[in-house]
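File shown here: data22.json, holding JSON, C-alpha atoms.
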[["chain", "number", "residue", "atom", "x", "y", "z"],
["A", 1198, "MET", "CA", -63.96, 25.37, -43.65],
["A", 1199, "LYS", "CA", -61.71, 22.66, -42.21],
["A", 1200, "ALA", "CA", -58.77, 21.82, -44.48],
["A", 1201, "ALA", "CA", -55.36, 20.12, -44.54],
["A", 1202, "ILE", "CA", -53.12, 23.07, -45.39],
["A", 1203, "ILE", "CA", -49.56, 23.00, -46.73],
["A", 1204, "LYS", "CA", -47.99, 26.36, -46.01],
["A", 1205, "GLU", "CA", -44.61, 25.94, -47.70],
["A", 1206, "GLN", "CA", -42.94, 23.65, -50.21],
["A", 1207, "ASN", "CA", -41.72, 20.29, -48.84],
["A", 1208, "THR", "CA", -43.72, 20.58, -45.61],
["A", 1209, "ILE", "CA", -46.50, 18.26, -44.48],
["A", 1210, "PRO", "CA", -50.10, 19.49, -44.09],
["A", 1211, "THR", "CA", -51.65, 20.61, -40.84],
["A", 1212, "LEU", "CA", -55.32, 21.04, -40.02],
["A", 1213, "GLY", "CA", -56.58, 24.61, -40.22],
["A", 1214, "ASP", "CA", -59.25, 26.96, -41.55],
["A", 1215, "PHE", "CA", -59.38, 27.93, -45.23],
["A", 1216, "LYS", "CA", -61.79, 30.09, -47.16],
["A", 1217, "ASN", "CA", -64.59, 28.24, -48.95],
["A", 1218, "PRO", "CA", -64.38, 28.08, -52.74],
["A", 1219, "GLU", "CA", -66.67, 30.29, -54.81],
["A", 1220, "SER", "CA", -68.38, 28.97, -57.92],
["A", 1221, "LYS", "CA", -67.43, 30.25, -61.35],
["A", 1222, "ASP", "CA", -68.11, 29.41, -65.00],
["A", 1223, "ASN", "CA", -67.23, 25.83, -66.02],
["A", 1224, "PHE", "CA", -66.29, 24.89, -62.46],
["A", 1225, "LYS", "CA", -68.29, 23.09, -59.80],
["A", 1226, "ILE", "CA", -68.10, 23.05, -56.03],
["A", 1227, "VAL", "CA", -67.77, 19.51, -54.66],
["A", 1228, "ASN", "CA", -68.63, 18.60, -51.08],
["A", 1229, "ILE", "CA", -65.83, 16.17, -50.25],
["A", 1230, "THR", "CA", -66.46, 12.85, -48.52],
["A", 1231, "THR", "CA", -63.23, 10.88, -49.04],
["A", 1232, "SER", "CA", -59.74, 11.36, -50.44],
["A", 1233, "ALA", "CA", -56.92, 8.80, -50.75],
["A", 1234, "LEU", "CA", -53.23, 9.55, -50.23],
["A", 1235, "SER", "CA", -51.20, 8.25, -53.16],
["A", 1236, "ASN", "CA", -47.52, 8.97, -53.81],
["A", 1237, "PHE", "CA", -48.64, 11.29, -56.59],
["A", 1238, "SER", "CA", -51.07, 13.16, -54.35],
["A", 1239, "LYS", "CA", -48.46, 13.72, -51.64],
["A", 1240, "SER", "CA", -45.55, 14.65, -53.92],
["A", 1241, "SER", "CA", -47.71, 16.96, -56.04],
["A", 1242, "SER", "CA", -49.12, 18.71, -52.97],
["A", 1243, "MET", "CA", -45.67, 19.25, -51.47],
["A", 1244, "GLY", "CA", -44.23, 20.66, -54.70],
["A", 1245, "LYS", "CA", -42.03, 17.64, -55.46],
["A", 1246, "HIS", "CA", -43.80, 16.36, -58.60],
["A", 1247, "TYR", "CA", -43.02, 17.58, -62.12],
["A", 1248, "SER", "CA", -46.66, 18.67, -62.49],
["A", 1249, "SER", "CA", -46.73, 20.71, -59.25],
["A", 1250, "THR", "CA", -47.77, 24.38, -59.37],
["A", 1251, "ASN", "CA", -45.69, 25.31, -56.29],
["A", 1252, "VAL", "CA", -48.03, 28.10, -55.20],
["A", 1253, "PHE", "CA", -48.43, 28.10, -51.43],
["A", 1254, "PRO", "CA", -50.30, 27.97, -49.14],
["A", 1255, "LEU", "CA", -52.61, 25.36, -50.62],
["A", 1256, "ILE", "CA", -54.93, 22.57, -49.56],
["A", 1257, "ALA", "CA", -53.35, 19.13, -49.80],
["A", 1258, "GLY", "CA", -54.65, 16.36, -52.07],
["A", 1259, "THR", "CA", -55.20, 16.08, -55.79],
["A", 1260, "ASP", "CA", -58.29, 13.92, -56.24],
["A", 1261, "GLY", "CA", -61.15, 12.47, -54.28],
["A", 1262, "VAL", "CA", -64.82, 11.66, -53.98],
["A", 1263, "GLY", "CA", -67.74, 13.82, -52.99],
["A", 1264, "THR", "CA", -71.18, 15.06, -53.93],
["A", 1265, "LEU", "CA", -72.44, 17.87, -56.12],
["A", 1266, "GLU", "CA", -75.14, 20.33, -55.07],
["A", 1267, "ASP", "CA", -77.86, 17.97, -56.33],
["A", 1268, "GLY", "CA", -76.44, 15.04, -54.33],
["A", 1269, "THR", "CA", -74.78, 13.21, -57.26],
["A", 1270, "ARG", "CA", -71.81, 11.13, -56.11],
["A", 1271, "VAL", "CA", -68.73, 11.97, -58.14],
["A", 1272, "TYR", "CA", -65.02, 11.37, -58.46],
["A", 1273, "PHE", "CA", -62.97, 14.50, -59.16],
["A", 1274, "GLY", "CA", -59.36, 15.18, -60.15],
["A", 1275, "LYS", "CA", -56.97, 18.09, -60.63],
["A", 1276, "THR", "CA", -58.66, 20.61, -58.38],
["A", 1277, "GLU", "CA", -58.41, 24.33, -59.02],
["A", 1278, "LYS", "CA", -55.54, 25.61, -56.89],
["A", 1279, "PRO", "CA", -55.19, 26.59, -54.10],
["A", 1280, "TYR", "CA", -57.96, 24.09, -53.39],
["A", 1281, "GLY", "CA", -57.19, 20.41, -52.96],
["A", 1282, "SER", "CA", -59.06, 17.29, -51.97],
["A", 1283, "ILE", "CA", -58.55, 17.13, -48.19],
["A", 1284, "SER", "CA", -61.06, 19.70, -47.00],
["A", 1285, "GLU", "CA", -64.79, 20.09, -46.68],
["A", 1286, "GLN", "CA", -65.21, 21.55, -50.17],
["A", 1287, "THR", "CA", -63.18, 22.03, -53.35],
["A", 1288, "LEU", "CA", -63.46, 23.61, -56.79],
["A", 1289, "VAL", "CA", -63.11, 21.43, -59.90],
["A", 1290, "ASN", "CA", -63.34, 21.95, -63.65],
["A", 1291, "GLU", "CA", -66.59, 20.28, -64.73],
["A", 1292, "LYS", "CA", -64.65, 18.29, -67.36],
["A", 1293, "LEU", "CA", -62.67, 16.61, -64.58],
["A", 1294, "ILE", "CA", -65.68, 15.20, -62.75],
["A", 1295, "LEU", "CA", -67.27, 11.81, -63.38],
["A", 1296, "PRO", "CA", -70.12, 9.96, -61.66],
["A", 1297, "ILE", "CA", -69.46, 6.95, -59.46],
["A", 1298, "PRO", "CA", -71.41, 3.74, -60.23],
["A", 1299, "ASP", "CA", -74.06, 2.83, -57.68],
["A", 1300, "ASN", "CA", -72.32, -0.49, -56.96],
["A", 1301, "LEU", "CA", -69.00, 1.14, -55.96],
["A", 1302, "ASP", "CA", -68.60, 2.53, -52.44],
["A", 1303, "GLU", "CA", -66.90, 5.88, -51.87],
["A", 1304, "VAL", "CA", -63.87, 4.62, -49.94],
["A", 1305, "THR", "CA", -63.06, 2.08, -52.66],
["A", 1306, "ALA", "CA", -63.57, 4.68, -55.40],
["A", 1307, "ALA", "CA", -61.18, 7.11, -53.71],
["A", 1308, "ALA", "CA", -58.59, 4.43, -52.98],
["A", 1309, "ILE", "CA", -58.61, 2.59, -56.31],
["A", 1310, "ALA", "CA", -58.68, 5.53, -58.74],
["A", 1311, "ASN", "CA", -54.99, 6.46, -58.78],
["A", 1312, "PRO", "CA", -53.36, 3.00, -58.50],
["A", 1313, "GLY", "CA", -55.84, 1.40, -60.88],
["A", 1314, "MET", "CA", -55.59, 4.18, -63.45],
["A", 1315, "SER", "CA", -51.79, 3.90, -63.44],
["A", 1316, "SER", "CA", -51.82, 0.44, -65.03],
["A", 1317, "TRP", "CA", -55.08, 0.84, -66.98],
["A", 1318, "ALA", "CA", -53.84, 3.95, -68.82],
["A", 1319, "ALA", "CA", -50.32, 2.55, -69.26],
["A", 1320, "LEU", "CA", -51.56, -0.68, -70.81],
["A", 1321, "LYS", "CA", -54.35, 0.77, -72.93],
["A", 1322, "TYR", "CA", -52.93, 4.10, -74.12],
["A", 1323, "ARG", "CA", -49.15, 3.79, -73.92],
["A", 1324, "ALA", "CA", -48.44, 0.09, -74.49],
["A", 1325, "GLN", "CA", -51.64, -0.43, -76.52],
["A", 1326, "ILE", "CA", -52.02, -3.95, -75.18],
["A", 1327, "LYS", "CA", -53.42, -6.66, -77.45],
["A", 1328, "ALA", "CA", -55.21, -9.82, -76.39],
["A", 1329, "GLY", "CA", -52.83, -12.70, -75.77],
["A", 1330, "GLN", "CA", -49.77, -10.64, -74.90],
["A", 1331, "VAL", "CA", -47.39, -11.33, -72.00],
["A", 1332, "VAL", "CA", -46.86, -8.68, -69.31],
["A", 1333, "LEU", "CA", -44.15, -8.29, -66.66],
["A", 1334, "ILE", "CA", -44.87, -6.01, -63.69],
["A", 1335, "ASN", "CA", -41.78, -4.69, -61.91],
["A", 1336, "GLY", "CA", -42.71, -3.64, -58.38],
["A", 1337, "ALA", "CA", -45.81, -5.80, -57.95],
["A", 1338, "THR", "CA", -46.04, -5.85, -54.16],
["A", 1339, "GLY", "CA", -47.45, -2.35, -53.70],
["A", 1340, "VAL", "CA", -51.11, -1.37, -54.02],
["A", 1341, "ALA", "CA", -50.71, -0.26, -57.65],
["A", 1342, "GLY", "CA", -48.49, -3.13, -58.72],
["A", 1343, "SER", "CA", -50.63, -5.89, -57.24],
["A", 1344, "LEU", "CA", -53.77, -4.33, -58.72],
["A", 1345, "ALA", "CA", -51.99, -4.15, -62.09],
["A", 1346, "ILE", "CA", -51.98, -7.98, -62.24],
["A", 1347, "LYS", "CA", -55.78, -8.01, -62.32],
["A", 1348, "VAL", "CA", -55.94, -5.04, -64.69],
["A", 1349, "ALA", "CA", -53.55, -6.69, -67.15],
["A", 1350, "ARG", "CA", -55.67, -9.83, -67.25],
["A", 1351, "GLU", "CA", -58.85, -7.78, -67.64],
["A", 1352, "LEU", "CA", -57.33, -5.97, -70.64],
["A", 1353, "GLY", "CA", -56.31, -9.20, -72.37],
["A", 1354, "ALA", "CA", -52.93, -10.38, -71.09],
["A", 1355, "LYS", "CA", -52.35, -14.12, -71.60],
["A", 1356, "LYS", "CA", -49.73, -14.33, -68.85],
["A", 1357, "VAL", "CA", -48.62, -11.92, -66.13],
["A", 1358, "PHE", "CA", -45.19, -12.24, -64.52],
["A", 1359, "ILE", "CA", -44.08, -10.14, -61.59],
["A", 1360, "SER", "CA", -40.96, -8.97, -59.76],
["A", 1361, "GLY", "CA", -40.54, -7.19, -56.46],
["A", 1362, "ARG", "CA", -38.51, -6.81, -53.30],
["A", 1363, "ASN", "CA", -40.59, -8.96, -50.94],
["A", 1364, "GLU", "CA", -40.63, -12.69, -51.67],
["A", 1365, "ASP", "CA", -43.38, -13.46, -49.15],
["A", 1366, "LYS", "CA", -45.71, -10.88, -50.72],
["A", 1367, "LEU", "CA", -44.88, -12.05, -54.25],
["A", 1368, "ASN", "CA", -45.77, -15.61, -53.26],
["A", 1369, "LYS", "CA", -49.26, -14.47, -52.27],
["A", 1370, "LEU", "CA", -50.03, -12.71, -55.57],
["A", 1371, "ASP", "CA", -51.89, -14.41, -58.40],
["A", 1372, "ALA", "CA", -49.20, -14.29, -61.07],
["A", 1373, "ASP", "CA", -47.75, -16.84, -63.50],
["A", 1374, "GLY", "CA", -44.23, -16.56, -62.08],
["A", 1375, "TYR", "CA", -41.98, -14.12, -60.32],
["A", 1376, "ALA", "CA", -38.42, -12.91, -59.75],
["A", 1377, "VAL", "CA", -37.19, -11.45, -56.48],
["A", 1378, "ILE", "CA", -35.10, -8.30, -56.83],
["A", 1379, "GLY", "CA", -31.80, -8.65, -54.99],
["A", 1380, "ASN", "CA", -32.12, -12.41, -54.50],
["A", 1381, "ASN", "CA", -31.25, -14.48, -57.57],
["A", 1382, "PHE", "CA", -33.14, -11.87, -59.58],
["A", 1383, "GLU", "CA", -31.30, -12.41, -62.87],
["A", 1384, "ASN", "CA", -31.47, -16.19, -62.62],
["A", 1385, "ASP", "CA", -35.19, -16.15, -61.84],
["A", 1386, "LEU", "CA", -35.96, -13.69, -64.62],
["A", 1387, "ASN", "CA", -33.87, -15.68, -67.10],
["A", 1388, "LYS", "CA", -35.99, -18.73, -66.27],
["A", 1389, "ILE", "CA", -39.10, -16.77, -67.19],
["A", 1390, "LEU", "CA", -37.50, -15.43, -70.37],
["A", 1391, "SER", "CA", -36.29, -18.86, -71.48],
["A", 1392, "ASP", "CA", -39.90, -19.89, -72.14],
["A", 1393, "ASN", "CA", -41.64, -16.56, -72.67],
["A", 1394, "SER", "CA", -41.24, -13.39, -74.72],
["A", 1395, "ILE", "CA", -42.25, -10.32, -72.74],
["A", 1396, "ASP", "CA", -44.43, -7.97, -74.78],
["A", 1397, "ILE", "CA", -44.95, -5.27, -72.12],
["A", 1398, "VAL", "CA", -43.12, -4.28, -68.95],
["A", 1399, "LEU", "CA", -44.96, -2.08, -66.43],
["A", 1400, "ASP", "CA", -42.27, -0.58, -64.21],
["A", 1401, "TYR", "CA", -43.21, 0.97, -60.86],
["A", 1402, "LEU", "CA", -39.67, 0.96, -59.42],
["A", 1403, "TRP", "CA", -37.10, 2.35, -61.88],
["A", 1404, "GLY", "CA", -33.42, 2.11, -60.96],
["A", 1405, "GLU", "CA", -31.06, -0.85, -61.25],
["A", 1406, "SER", "CA", -33.81, -3.46, -61.41],
["A", 1407, "SER", "CA", -35.29, -1.71, -64.44],
["A", 1408, "LEU", "CA", -31.93, -1.63, -66.18],
["A", 1409, "SER", "CA", -31.36, -5.33, -65.41],
["A", 1410, "ILE", "CA", -34.75, -6.20, -66.90],
["A", 1411, "MET", "CA", -33.99, -4.27, -70.08],
["A", 1412, "LYS", "CA", -30.56, -5.90, -70.44],
["A", 1413, "LEU", "CA", -31.93, -9.41, -69.95],
["A", 1414, "ILE", "CA", -34.83, -8.85, -72.35],
["A", 1415, "ALA", "CA", -32.43, -7.40, -74.94],
["A", 1416, "ILE", "CA", -30.35, -10.58, -74.79],
["A", 1417, "ALA", "CA", -33.32, -12.95, -74.83],
["A", 1418, "SER", "CA", -35.70, -11.15, -77.19],
["A", 1419, "SER", "CA", -34.35, -12.45, -80.54],
["A", 1420, "GLY", "CA", -35.70, -9.50, -82.47],
["A", 1421, "LYS", "CA", -39.10, -9.38, -80.75],
["A", 1422, "SER", "CA", -40.46, -6.00, -79.67],
["A", 1423, "THR", "CA", -40.97, -5.16, -75.98],
["A", 1424, "LYS", "CA", -42.62, -1.98, -74.71],
["A", 1425, "PHE", "CA", -41.08, -0.89, -71.42],
["A", 1426, "VAL", "CA", -43.43, 1.55, -69.66],
["A", 1427, "SER", "CA", -42.09, 3.63, -66.76],
["A", 1428, "ILE", "CA", -44.87, 4.50, -64.28],
["A", 1429, "GLY", "CA", -43.07, 5.41, -61.06],
["A", 1430, "THR", "CA", -39.84, 5.54, -59.05],
["A", 1431, "ALA", "CA", -40.78, 3.60, -55.92],
["A", 1432, "SER", "CA", -37.18, 2.37, -55.59],
["A", 1433, "GLY", "CA", -36.05, 5.92, -54.85],
["A", 1434, "GLU", "CA", -33.68, 5.82, -57.83],
["A", 1435, "THR", "CA", -34.63, 8.47, -60.36],
["A", 1436, "GLU", "CA", -31.79, 7.97, -62.86],
["A", 1437, "ILE", "CA", -30.08, 5.03, -64.53],
["A", 1438, "ASN", "CA", -26.98, 4.66, -66.70],
["A", 1439, "LEU", "CA", -28.61, 3.39, -69.89],
["A", 1440, "PRO", "CA", -26.13, 2.25, -72.58],
["A", 1441, "SER", "CA", -26.93, 3.34, -76.12],
["A", 1442, "THR", "CA", -25.96, -0.11, -77.37],
["A", 1443, "LEU", "CA", -28.81, -1.68, -75.39],
["A", 1444, "LEU", "CA", -31.35, 0.23, -77.45],
["A", 1445, "ARG", "CA", -29.52, -0.14, -80.75],
["A", 1446, "SER", "CA", -29.15, -3.89, -80.34],
["A", 1447, "SER", "CA", -32.74, -4.63, -79.34],
["A", 1448, "MET", "CA", -36.36, -3.77, -80.13],
["A", 1449, "ILE", "CA", -37.11, -2.34, -76.70],
["A", 1450, "GLU", "CA", -39.32, 0.75, -76.75],
["A", 1451, "ILE", "CA", -39.08, 2.88, -73.61],
["A", 1452, "LEU", "CA", -42.24, 4.84, -72.78],
["A", 1453, "GLY", "CA", -43.55, 6.85, -69.87],
["A", 1454, "SER", "CA", -47.09, 6.87, -68.54],
["A", 1455, "GLY", "CA", -48.60, 9.55, -66.34],
["A", 1456, "VAL", "CA", -49.77, 13.14, -66.28],
["A", 1457, "ARG", "CA", -48.87, 14.79, -69.65],
["A", 1458, "SER", "CA", -47.74, 11.57, -71.36],
["A", 1459, "VAL", "CA", -51.39, 10.48, -71.29],
["A", 1460, "SER", "CA", -54.03, 13.11, -71.99],
["A", 1461, "MET", "CA", -56.34, 14.13, -69.16],
["A", 1462, "LYS", "CA", -59.25, 12.92, -71.29],
["A", 1463, "ASP", "CA", -57.74, 9.43, -71.59],
["A", 1464, "LEU", "CA", -56.81, 9.34, -67.91],
["A", 1465, "PHE", "CA", -60.44, 10.00, -67.01],
["A", 1466, "ILE", "CA", -61.71, 7.44, -69.50],
["A", 1467, "SER", "CA", -59.37, 4.96, -67.79],
["A", 1468, "ILE", "CA", -60.78, 5.82, -64.36],
["A", 1469, "SER", "CA", -64.37, 5.56, -65.60],
["A", 1470, "GLU", "CA", -63.73, 2.12, -67.13],
["A", 1471, "LEU", "CA", -61.83, 1.10, -63.99],
["A", 1472, "PHE", "CA", -64.80, 2.08, -61.80],
["A", 1473, "ASP", "CA", -67.23, 0.07, -63.92],
["A", 1474, "TRP", "CA", -64.96, -2.99, -63.79],
["A", 1475, "ALA", "CA", -64.33, -2.65, -60.04],
["A", 1476, "GLY", "CA", -68.01, -2.20, -59.23],
["A", 1477, "ASN", "CA", -69.15, -5.10, -61.38],
["A", 1478, "ASN", "CA", -66.49, -7.48, -60.07],
["A", 1479, "ASN", "CA", -66.15, -6.40, -56.44],
["A", 1480, "ILE", "CA", -62.53, -5.31, -56.93],
["A", 1481, "THR", "CA", -61.05, -3.58, -53.90],
["A", 1482, "VAL", "CA", -57.70, -2.46, -52.51],
["A", 1483, "PRO", "CA", -56.53, -2.58, -48.88],
["A", 1484, "THR", "CA", -57.32, 0.67, -47.06],
["A", 1485, "SER", "CA", -56.80, 2.40, -43.71],
["A", 1486, "LYS", "CA", -59.30, 5.09, -42.77],
["A", 1487, "PHE", "CA", -58.36, 8.36, -41.08],
["A", 1488, "SER", "CA", -60.39, 11.41, -40.12],
["A", 1489, "ILE", "CA", -59.33, 14.81, -41.43],
["A", 1490, "GLU", "CA", -58.19, 15.63, -37.90],
["A", 1491, "GLN", "CA", -55.66, 12.80, -38.24],
["A", 1492, "ILE", "CA", -54.07, 14.24, -41.38],
["A", 1493, "GLU", "CA", -50.52, 14.33, -40.02],
["A", 1494, "GLU", "CA", -50.71, 10.68, -38.93],
["A", 1495, "ALA", "CA", -52.25, 9.68, -42.26],
["A", 1496, "TRP", "CA", -49.59, 11.56, -44.25],
["A", 1497, "SER", "CA", -46.82, 9.45, -42.72],
["A", 1498, "ALA", "CA", -48.76, 6.16, -42.86],
["A", 1499, "PRO", "CA", -47.58, 3.33, -45.19],
["A", 1500, "ASN", "CA", -48.81, 3.35, -48.78],
["A", 1501, "ASN", "CA", -50.07, -0.21, -48.35],
["A", 1502, "PRO", "CA", -52.77, -0.33, -47.12],
["A", 1503, "ARG", "CA", -53.83, 2.89, -48.86],
["A", 1504, "ALA", "CA", -54.60, 5.71, -46.43],
["A", 1505, "VAL", "CA", -58.04, 7.25, -47.03],
["A", 1506, "ILE", "CA", -59.15, 10.48, -45.39],
["A", 1507, "VAL", "CA", -62.85, 10.41, -44.50],
["A", 1508, "VAL", "CA", -63.94, 14.04, -44.43],
["A", 1509, "LYS", "CA", -67.64, 13.50, -43.76]]
For this file, produce the structure as C-alpha cells.
Amino acid sequence: MKAAIIKEQNTIPTLGDFKNPESKDNFKIVNITTSALSNFSKSSSMGKHYSSTNVFPLIAGTDGVGTLEDGTRVYFGKTEKPYGSISEQTLVNEKLILPIPDNLDEVTAAAIANPGMSSWAALKYRAQIKAGQVVLINGATGVAGSLAIKVARELGAKKVFISGRNEDKLNKLDADGYAVIGNNFENDLNKILSDNSIDIVLDYLWGESSLSIMKLIAIASSGKSTKFVSIGTASGETEINLPSTLLRSSMIEILGSGVRSVSMKDLFISISELFDWAGNNNITVPTSKFSIEQIEEAWSAPNNPRAVIVVK
C-alpha cells in the first residue's frame, strides 16, 4: 500500500510502499481517508517526542479519520506501530476508535481533534475549570490557541484573555483583552491583572513569556490560586529558570497536560465531546489540503492553516 515512510530518526517521510496491516484480536483495520499534521504528530513520528517509540522504519502520523470494514466513519488515535496515519490503511486498538458525528465532515474532524483536545482536556481534566472562572491563553495566535478561546467559553469561562507574538492576529481574535509578547508585554498584562484575577493559564509557548506571566500573577494574586497548565513549547524554549521563591510566595499550581498526564480514556472523551460540540455549532479550523503524494511539501507547510493529508 502507499504510505509516508520515515526510515530513520529525525528524517522526514517519503512516499513508498509498505506492507498492509493484518487484523488481530482487539485491533481493527481502518481504511484511512484523512490525517492532519500537528506538532505532536510530526515530532512523535520523527522520534522527537517523549512518547515516541523510536522503532524505524515506520509510517508517519499518529491519528486520523477513516472507515471500518462496515463503512462506519471513525476517528482513530495511537496506531499500532510501525503503522501510522498517513497511508491507505492502519491498525488501531479498538479502544482508541470513536465514531464521527454525521454533522462533522472528515477534514474538519481530522484537523480539529488534536488542537481542540489540547485545551478541552487541559481545562476539564487538569485545571478542572468551574463556571465563571477567568482564563488566560498564552500563545493564542496558533490553531490550538485560537480554538482554545472558544473551548474555554464553552466549558464555562466568564472571561478569556490572550497573549501572543503577533499583534495583528491577536486583534482579530474574540477575546476580552490581550498582551503582546515582546512589546509592552508586562505593562499590558499588568493592566489585565489590575482588574482581574486569573484562575487558569493555558500555556502553549513555554519559555520566558511563561515565566513572566507566573511572576506577574504571583505579585498580583493576593493569595488567590492560579492553575498554570503547560501544553506545549511553541516558543522553542524547553527550559526556564524558575525561582523557588516564586512558588513559595504564591498559590500558583504548575500542571502539565498531554499524553500520560491525562489518561488515554479522558483524552478520547475530550475528543468525543469536542466532535459533538464542533458538529452542532459548525466549529472549524483553517486547513490546507494535500494529497499523500505531496507528503514532503505538507510536512514543511506552516501549522496554520493546519495541513491535512487526503489519502482517498
Within 9 Å of (-64.5, 9.6, -63.6) (coordinates as in the file), grab all the protein and nucleic acid residues, counting all atoms listed in the file, and write them out as a ChimeraX atom specification.
/A:1271-1274,1293-1297,1310,1464-1472
Would you be able to write out as a PyMOL selection string which residues have an atom within 10 Å of (-48.6, 13.9, -52.2) in the file's coordinates, counting all atoms listed in the file?
chain A and resi 1207+1209-1210+1233-1246+1249+1257-1259+1496
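Minimum atom-to-atom distance to A:Ile1414, evaluated using only C-alpha atoms, belongs to A:Leu1390 out of A:Val1304, A:Leu1390, A:Ala1319, A:Ile1428.
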Show me, as a PDB file with C-alpha atoms, in the coordinates of the input, the residues that have an atom within 6 Å of A:Asp1396 when counting only C-alpha atoms, minus same-chain residues fewer than 5 positions from it.
ATOM      1  CA  GLN A1330     -49.770 -10.640 -74.900  1.00  0.00           C
ATOM      2  CA  VAL A1331     -47.390 -11.330 -72.000  1.00  0.00           C
ATOM      3  CA  THR A1423     -40.970  -5.160 -75.980  1.00  0.00           C
TER       4      THR A1423
END
Using only C-alpha atoms, I'd like a table of the residues in stretch 1261-1357 of chain A that come within 9 Å of stretch 1476-1484 of chain A; for each, show the closest atom pair and its distance in Å rounded to one decimal, ordered by chain and ascending number, as CSV.
residue,atom,partner,partner_atom,distance
A:Pro1298,CA,A:Gly1476,CA,6.9
A:Asp1299,CA,A:Gly1476,CA,8.0
A:Asn1300,CA,A:Gly1476,CA,5.2
A:Leu1301,CA,A:Gly1476,CA,4.8
A:Asp1302,CA,A:Gly1476,CA,8.3
A:Val1304,CA,A:Thr1484,CA,8.2
A:Thr1305,CA,A:Thr1481,CA,6.1
A:Ala1306,CA,A:Thr1481,CA,8.8
A:Ala1308,CA,A:Val1482,CA,7.0
A:Ile1309,CA,A:Val1482,CA,6.4
A:Val1340,CA,A:Val1482,CA,6.8
A:Ala1341,CA,A:Val1482,CA,9.0
A:Leu1344,CA,A:Val1482,CA,7.6
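For the pair atom CA of A:Ile1395 and atom CA of A:Asn1311, the interatomic distance is 25.3 Å.
A straight line drawn from atom CA of A:Pro1312 to atom CA of A:Asn1381 is 28.2 Å long.
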